[in-house]
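> Starting off with a structure, shown below.
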Amino acid sequence: MRKSWQEVNFGSGKIAFLDDTRKEDMLQVEYPNRFLLDMGWYQDKYIISIIQNFDWEHPFKQYTTPDRNQLVALLIEAVCCVEHALEL
């Protein structure tokens, strides 16, 4: 069975918001050291942003895809990126 993006292990993050409908605010995960993982649907693509210190204008890292089937892999990659940054 294929894993859905809602079942991703967000590591040390805590889910603050989760909504499975395709809209701007779909997911937000809070991490230590003022990191956020944010995901939403924007016009024709999903955008996953890693935000540090609430600097929404300059994301720490960003992933985009129009394909819902890529969300699990991209979310896992984003979680690994945050967890690695927290270790530094």
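Here, A, B, ... name the chains of the structure tokens in the order displayed, residue numbers run from 1 inside each chain, and ligands are numbered from 1 in the same displayed order.
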List every residue of chain A that DSSP, applied to the backbone of this structure, assigns to strand (DSSP E), and report them as JSON, numbers by chain.
{"A": [14, 15, 16, 17, 18, 27, 28, 29, 30, 31, 35, 36, 37, 38, 39, 40, 41, 42, 45, 46, 47, 48, 49, 50, 51, 52, 61, 62, 63, 64, 65]}
> I'd like the neighbourhood of Arg22 of chain A as a compact mmCIF listing (two decimals) with N, CA and C atoms, in the first residue's frame, where a residue qualifies if any of its atoms comes within 10 Å (using only C-alpha atoms), though same-chain residues fewer than 6 positions away should be ignored.

# COMPACT_ATOMS: atom_id res chain seq x y z
N GLY A 40 1.45 23.99 0.72
CA GLY A 40 0.17 24.44 0.20
C GLY A 40 0.10 24.29 -1.31
N TRP A 41 -1.09 24.49 -1.83
CA TRP A 41 -1.35 24.43 -3.27
C TRP A 41 -1.47 25.87 -3.77
N TYR A 42 -0.66 26.24 -4.73
CA TYR A 42 -0.65 27.60 -5.25
C TYR A 42 -0.86 27.56 -6.76
N GLN A 43 -2.06 27.87 -7.21
CA GLN A 43 -2.49 27.94 -8.60
C GLN A 43 -2.35 26.60 -9.32
N LYS A 45 0.51 24.23 -8.61
CA LYS A 45 1.56 23.38 -8.05
C LYS A 45 1.54 23.41 -6.52
N TYR A 46 2.07 22.34 -5.96
CA TYR A 46 2.28 22.28 -4.52
C TYR A 46 3.62 22.94 -4.22
N ARG A 68 0.78 15.40 -7.14
CA ARG A 68 0.47 14.97 -5.76
C ARG A 68 1.25 13.70 -5.38
> Could you work out how far atom CA of Leu18 of chain A lies from atom CA of Phe35 of chain A, giving the answer in Å with one decimal?
16.8 Å
> Enumerate, in order of chain and increasing residue number, the residues of segment 15-87 of chain A with an atom no farther than 9 Å from segment 6-9 of chain A, each with its shortest atom pair and distance in Å to one decimal, counting only C-alpha atoms, as CSV.

residue,atom,partner,partner_atom,distance
A:Leu18,CA,A:Gln6,CA,7.9
A:Asp20,CA,A:Gln6,CA,8.0
A:Leu27,CA,A:Gln6,CA,8.9
A:Val72,CA,A:Val8,CA,6.8
A:Leu75,CA,A:Val8,CA,7.3
A:Ile76,CA,A:Val8,CA,6.9
A:Val79,CA,A:Asn9,CA,8.2
> Just asking: which residues within chain A are alpha helix (DSSP H) according to DSSP, as a PyMOL selection string?
chain A and resi 71-87
> Convert the current residue selection to file output with C-alpha atoms, as a tab-separated table (two decimals), in the first residue's frame.

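Saved as selection-v7.tsv:
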chain	number	residue	atom	x	y	z
A	71	LEU	CA	4.52	14.85	-2.10
A	72	VAL	CA	5.63	11.98	0.13
A	73	ALA	CA	9.16	11.94	-1.30
A	74	LEU	CA	9.47	15.73	-1.18
A	75	LEU	CA	8.12	15.94	2.38
A	76	ILE	CA	10.58	13.26	3.52
A	77	GLU	CA	13.40	15.19	1.86
A	78	ALA	CA	12.23	18.44	3.52
A	79	VAL	CA	12.03	16.77	6.96
A	80	CYS	CA	15.57	15.41	6.50
A	81	CYS	CA	16.75	18.91	5.54
A	82	VAL	CA	15.21	20.45	8.69
A	83	GLU	CA	16.49	17.70	10.98
A	84	HIS	CA	19.99	18.07	9.51
A	85	ALA	CA	19.88	21.86	10.02
A	86	LEU	CA	18.84	21.32	13.63
A	87	GLU	CA	21.93	19.15	14.20
> Tell me, as a list in words, which residues lie within 8 Å of Gln62 of chain A, counting only C-alpha atoms; anything in the same chain fewer than 4 positions away does not count.
Ile47, Ile48, Ser49 and Ile50 of chain A
> Kindly give the distance, in Å, that separates atom CA of Asp44 of chain A and atom CA of Val29 of chain A, rounded to a single decimal.
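According to the coordinates, atom CA of Asp44 of chain A and atom CA of Val29 of chain A are separated by 22.5 Å.
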> Would you kindly return, as a VMD selection string, each protein, DNA or RNA residue with an atom no farther than 12 Å from any atom of Phe54 of chain A, considering only C-alpha atoms and excluding same-chain residues fewer than 4 positions away?
chain A and resid 30 to 31 33 to 38 49 to 50 58 to 60
> What does the structure give for the distance between atom CA of Pro32 of chain A and atom CA of Thr65 of chain A, in Å to one decimal?
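These atoms are spaced 26.4 Å apart.
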> When distances are computed from only C-alpha atoms, which of A:Met39, A:Leu88, A:Ile51, A:Ala16 shows the smallest separation from Thr64 of chain A?
A:Met39
